[in-house]
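Engineer: Sharing a structure, written as structure tokens. Questions coming.
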Amino acid sequence: SDRMTDGGVSSGYGNFDGIEKGNPPASAFLRVEADDLMESEFEICGILIVSTATERRLLMKKTLFVFLLTYALIPLVMLKSDLPKMIYTIFLVLLHVFILVVYFYKVNIQALDPDWKSLTARVLALIFTGYLLYIAARKKKGSKRELVHTCIEMFIICLIHTVVLVLLVMRVRYKHGDKSG
């Protein structure tokens with residue numbers, strides 16, 4: 001319940017003179033919790049992998065989305081031999097363009113790596129995961145396959161997609177005093 005105080009409006013967002021009753025200021029919608037900006041890090045071979053709570057939540061949402069999309073493909077994969085190749089191919093291309101949009105949504109590529117060495121390692125890892133996806137996609141799939149085998153293959157593809165998502169979200173930092181680069 002809004003109430004007038006000293007010529008301003010109190011809407012749970014504090015007193016704001018000149019704000020219409022019931023309309024919170026724009027800053028109320030842009031409020032970010034301090035915990036969301038706190039970076040957490042873990043170390044791998046002397047390199048710190050850094051992310052904020054917001055980035056980790058976004059990673060989880062993207063991962064869930066990729067899992068759901070991948071498993072939604074199972075009926076299409078099972079019917080592959082019954083569908084015209086052109087329709088199947090167009091659908092897969094559109095799906096993968098959409099997944100690329102999901103991959104890069106809210107990714108600040110410039111903030112990921114502090115130098116060329118870590119950028120090169122990230123790009124090589126992305127190429128390797130792309131190769132793994134290529135190998136997984138080449139496996140014979142279709143209506144002759146058992147549903148269980150197809151689900152297991154899709155799970156492996158999801159795991160590889162998750163590695164790609166992690167590579168596109170987690171930032172690299174060196175320990176203080178390390179002058180690598």
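Starting from 1 in every chain, residues are counted up; chains themselves are A, B, ... following the order of the structure tokens, and ligands are numbered from 1 as listed.
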Hey, what's within 10 Å of Met170 of chain A if we count only C-alpha atoms and toss same-chain stuff fewer than 3 positions away? As a list in words, please?

Structural biologist: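 Using only C-alpha atoms, the neighbours found are Glu41, Leu48, Ile49, Val50, Ser51, Thr52, Glu55, Arg56, Leu59, Val107, Ala111, Leu112, Asp113, Leu165, Val166, Leu167 and Arg173 of chain A.
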
Engineer: Name the residues in contact with segment 152-163 of chain A at a cut-off of 8 Å, using only C-alpha atoms, excluding same-chain residues fewer than 5 positions from it; report them as a ChimeraX atom specification.

Structural biologist: /A:63,66-67,70-71,74,129,132-133,136

Engineer: Restricting the output to N, CA and C atoms, write the selected residues as a PDB file, in the first residue's frame.

Structural biologist:
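Produced file selection-v1.pdb, reproduced below:
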ATOM      1  N   THR A  63      22.234 -24.232 -20.003  1.00  0.00           N
ATOM      2  CA  THR A  63      22.457 -25.677 -20.011  1.00  0.00           C
ATOM      3  C   THR A  63      21.124 -26.420 -20.004  1.00  0.00           C
ATOM      4  N   VAL A  66      19.584 -26.135 -23.442  1.00  0.00           N
ATOM      5  CA  VAL A  66      20.225 -27.017 -24.430  1.00  0.00           C
ATOM      6  C   VAL A  66      19.796 -28.471 -24.206  1.00  0.00           C
ATOM      7  N   PHE A  67      19.735 -28.902 -22.947  1.00  0.00           N
ATOM      8  CA  PHE A  67      19.269 -30.263 -22.659  1.00  0.00           C
ATOM      9  C   PHE A  67      17.844 -30.459 -23.170  1.00  0.00           C
ATOM     10  N   THR A  70      17.789 -30.569 -26.981  1.00  0.00           N
ATOM     11  CA  THR A  70      18.399 -31.795 -27.486  1.00  0.00           C
ATOM     12  C   THR A  70      17.447 -32.979 -27.345  1.00  0.00           C
ATOM     13  N   TYR A  71      16.839 -33.097 -26.180  1.00  0.00           N
ATOM     14  CA  TYR A  71      15.923 -34.223 -25.984  1.00  0.00           C
ATOM     15  C   TYR A  71      14.615 -34.053 -26.757  1.00  0.00           C
ATOM     16  N   ILE A  74      14.679 -35.975 -30.120  1.00  0.00           N
ATOM     17  CA  ILE A  74      14.630 -37.437 -30.214  1.00  0.00           C
ATOM     18  C   ILE A  74      13.541 -37.927 -31.166  1.00  0.00           C
ATOM     19  N   THR A 129      35.781 -29.418 -28.833  1.00  0.00           N
ATOM     20  CA  THR A 129      34.397 -29.792 -28.533  1.00  0.00           C
ATOM     21  C   THR A 129      33.552 -29.812 -29.799  1.00  0.00           C
ATOM     22  N   LEU A 132      34.225 -33.113 -31.285  1.00  0.00           N
ATOM     23  CA  LEU A 132      33.488 -34.156 -30.563  1.00  0.00           C
ATOM     24  C   LEU A 132      32.010 -34.165 -30.956  1.00  0.00           C
ATOM     25  N   LEU A 133      31.432 -32.978 -31.121  1.00  0.00           N
ATOM     26  CA  LEU A 133      30.031 -32.914 -31.574  1.00  0.00           C
ATOM     27  C   LEU A 133      29.888 -33.478 -32.981  1.00  0.00           C
ATOM     28  N   ALA A 136      29.972 -37.211 -32.688  1.00  0.00           N
ATOM     29  CA  ALA A 136      28.714 -37.699 -32.118  1.00  0.00           C
ATOM     30  C   ALA A 136      27.581 -37.623 -33.136  1.00  0.00           C
TER      31      ALA A 136
END

Engineer: Identify all residues of segment 23-164 of chain A in alpha helix (DSSP H) (DSSP on the backbone) and supply them as a PyMOL selection string.

Structural biologist: chain A and resi 26-29+34-37+53-72+74-78+85-104+116-138+147-164

Engineer: Tell me, in Å to one decimal, how far atom CA of Ala121 of chain A is from atom CA of Tyr134 of chain A.

Structural biologist: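 Atom-to-atom, atom CA of Ala121 of chain A and atom CA of Tyr134 of chain A are spaced 19.8 Å apart.
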